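The structure under discussion appears below in the form of structure tokens.
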Amino acid sequence: MAANCACETIDPNNPTGPKIDAIFPAAYLLRLYKYSPVDYENLRAAKYVLENPKRIFFGVRVFNQGGWCYTGHPAEWYIKERAIVPFPKDRVFAVYVNPNLQVYECRAEYTDAVDPLCPVDWQNRYRGLTWKSTS
């Protein structure tokens, strides 16, 4: 049986405080492994983004209070099985985390025209920006 995996990241409730663990639930990992091998391989990109976020957004789910979206720009990603390519400049990798700090979705999204580290139309999709990297 698979186990949950933890990844240390910035606490969206206290960005300047100690880091916390975001959890990749075992059921999510197993589902990707069985049915979506490319998405499973791209968990490497998700881990990179959680460890090196550039933006954190809050209010990502309309019907559930809470949740965050971490974004970043990994160096590479999988586009098909055994095919790793540089991550495109016109995309940002988004990792969605629920209020219990469990990852439930990871994907590449087109970038915002004003801020290339934000997903397109982020002002209308999320309630706001929690944290922005200064480095």
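By convention in this document, the chains of the structure tokens carry letters A, B, ... by their order, each chain's residues are numbered from 1, and ligands are numbered from 1 in the order they are shown.
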
- Query: as a PyMOL selection string, which residues of chain A does DSSP assign to strand (DSSP E or B)?
  - Reply: chain A and resi 5-9+20-24+55-58+68-72+76-80+83-86+91-97+102-111+119+128-132

How would the residues just picked look written out with C-alpha atoms as a PDB file, in the first residue's frame?
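Result written to selection16.pdb:
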```pdb
ATOM      1  CA  CYS A   5       4.453  11.810   0.992  1.00  0.00           C
ATOM      2  CA  ALA A   6       5.348  15.134   2.584  1.00  0.00           C
ATOM      3  CA  CYS A   7       7.083  18.099   1.008  1.00  0.00           C
ATOM      4  CA  GLU A   8       8.351  21.067   3.012  1.00  0.00           C
ATOM      5  CA  THR A   9       7.014  24.419   1.840  1.00  0.00           C
ATOM      6  CA  ILE A  20       5.267  23.311   7.010  1.00  0.00           C
ATOM      7  CA  ASP A  21       4.621  20.005   5.234  1.00  0.00           C
ATOM      8  CA  ALA A  22       2.305  19.841   2.246  1.00  0.00           C
ATOM      9  CA  ILE A  23       1.036  16.299   1.804  1.00  0.00           C
ATOM     10  CA  PHE A  24       0.728  14.278  -1.384  1.00  0.00           C
ATOM     11  CA  ARG A  55       3.521  33.015  -5.767  1.00  0.00           C
ATOM     12  CA  ILE A  56       0.887  31.685  -3.360  1.00  0.00           C
ATOM     13  CA  PHE A  57      -2.790  32.467  -3.983  1.00  0.00           C
ATOM     14  CA  PHE A  58      -5.713  31.927  -1.603  1.00  0.00           C
ATOM     15  CA  TRP A  68      -4.168  27.642  -1.985  1.00  0.00           C
ATOM     16  CA  CYS A  69      -2.376  27.610  -5.304  1.00  0.00           C
ATOM     17  CA  TYR A  70       1.427  27.611  -5.306  1.00  0.00           C
ATOM     18  CA  THR A  71       3.075  28.586  -8.584  1.00  0.00           C
ATOM     19  CA  GLY A  72       6.582  28.435  -9.917  1.00  0.00           C
ATOM     20  CA  GLU A  76      11.810  20.822 -17.005  1.00  0.00           C
ATOM     21  CA  TRP A  77       8.725  18.642 -17.184  1.00  0.00           C
ATOM     22  CA  TYR A  78       7.349  15.532 -18.867  1.00  0.00           C
ATOM     23  CA  ILE A  79       5.216  15.937 -21.986  1.00  0.00           C
ATOM     24  CA  LYS A  80       4.829  12.193 -22.583  1.00  0.00           C
ATOM     25  CA  ALA A  83      10.084  12.643 -22.808  1.00  0.00           C
ATOM     26  CA  ILE A  84      11.473  15.422 -20.631  1.00  0.00           C
ATOM     27  CA  VAL A  85      11.699  18.903 -22.128  1.00  0.00           C
ATOM     28  CA  PRO A  86      12.435  22.403 -20.824  1.00  0.00           C
ATOM     29  CA  ARG A  91       3.461  28.586 -18.727  1.00  0.00           C
ATOM     30  CA  VAL A  92       3.591  28.460 -14.966  1.00  0.00           C
ATOM     31  CA  PHE A  93       3.315  25.242 -12.967  1.00  0.00           C
ATOM     32  CA  ALA A  94       0.456  25.367 -10.446  1.00  0.00           C
ATOM     33  CA  VAL A  95       0.100  23.121  -7.399  1.00  0.00           C
ATOM     34  CA  TYR A  96      -3.310  23.185  -5.705  1.00  0.00           C
ATOM     35  CA  VAL A  97      -3.502  22.470  -1.980  1.00  0.00           C
ATOM     36  CA  GLN A 102      -3.087  18.150   0.889  1.00  0.00           C
ATOM     37  CA  VAL A 103      -2.195  18.412  -2.801  1.00  0.00           C
ATOM     38  CA  TYR A 104      -5.167  17.606  -5.019  1.00  0.00           C
ATOM     39  CA  GLU A 105      -4.108  18.930  -8.454  1.00  0.00           C
ATOM     40  CA  CYS A 106      -0.931  19.899 -10.323  1.00  0.00           C
ATOM     41  CA  ARG A 107      -0.773  21.305 -13.830  1.00  0.00           C
ATOM     42  CA  ALA A 108       0.820  23.781 -16.186  1.00  0.00           C
ATOM     43  CA  GLU A 109      -1.196  26.902 -16.900  1.00  0.00           C
ATOM     44  CA  TYR A 110      -0.691  29.803 -19.269  1.00  0.00           C
ATOM     45  CA  THR A 111       0.958  32.836 -17.704  1.00  0.00           C
ATOM     46  CA  PRO A 119      -1.662  31.999 -13.987  1.00  0.00           C
ATOM     47  CA  GLY A 128      -6.197  37.048  -3.761  1.00  0.00           C
ATOM     48  CA  LEU A 129      -2.433  36.799  -3.596  1.00  0.00           C
ATOM     49  CA  THR A 130      -1.096  35.611  -0.198  1.00  0.00           C
ATOM     50  CA  TRP A 131       2.623  35.744  -0.853  1.00  0.00           C
ATOM     51  CA  LYS A 132       5.045  36.827  -3.579  1.00  0.00           C
TER      52      LYS A 132
END
```

- Expected answer as a ChimeraX atom specification: alpha helix (DSSP H) residues in chain A: /A:26-35,37-41,43-51,122-125

- Pick out the closest residue to Arg82 in chain A from this set: A:Ala45, A:Leu101, A:Val114, A:Val38. Count only C-alpha atoms.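 Of A:Ala45, A:Leu101, A:Val114, A:Val38, the one nearest Arg82 in chain A, counting only C-alpha atoms, is A:Val38.
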
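Among the candidates A:Gln65, A:Pro74, A:Gly59, A:Lys89, the residue lying nearest to Arg44 in chain A is A:Pro74 (atoms considered: only C-alpha atoms).
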
- Message: Between CA of Pro116 in chain A and CA of His73 in chain A, what distance in Å does the model show, to one decimal?
- Response: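 Separation between CA of Pro116 in chain A and CA of His73 in chain A: 9.4 Å.
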
- Message: Quick check, in Å to one decimal: how far apart do CA of Tyr28 in chain A and CA of Arg61 in chain A lie?
- Response: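 We find that CA of Tyr28 in chain A and CA of Arg61 in chain A lie 18.2 Å from each other.
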
- Message: Counting only C-alpha atoms, which residue out of A:Val60, A:Val49, A:Ala2, A:Ala27 sits closest to Ser133 in chain A?
- Response: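 Nearest to Ser133 in chain A: A:Val49.
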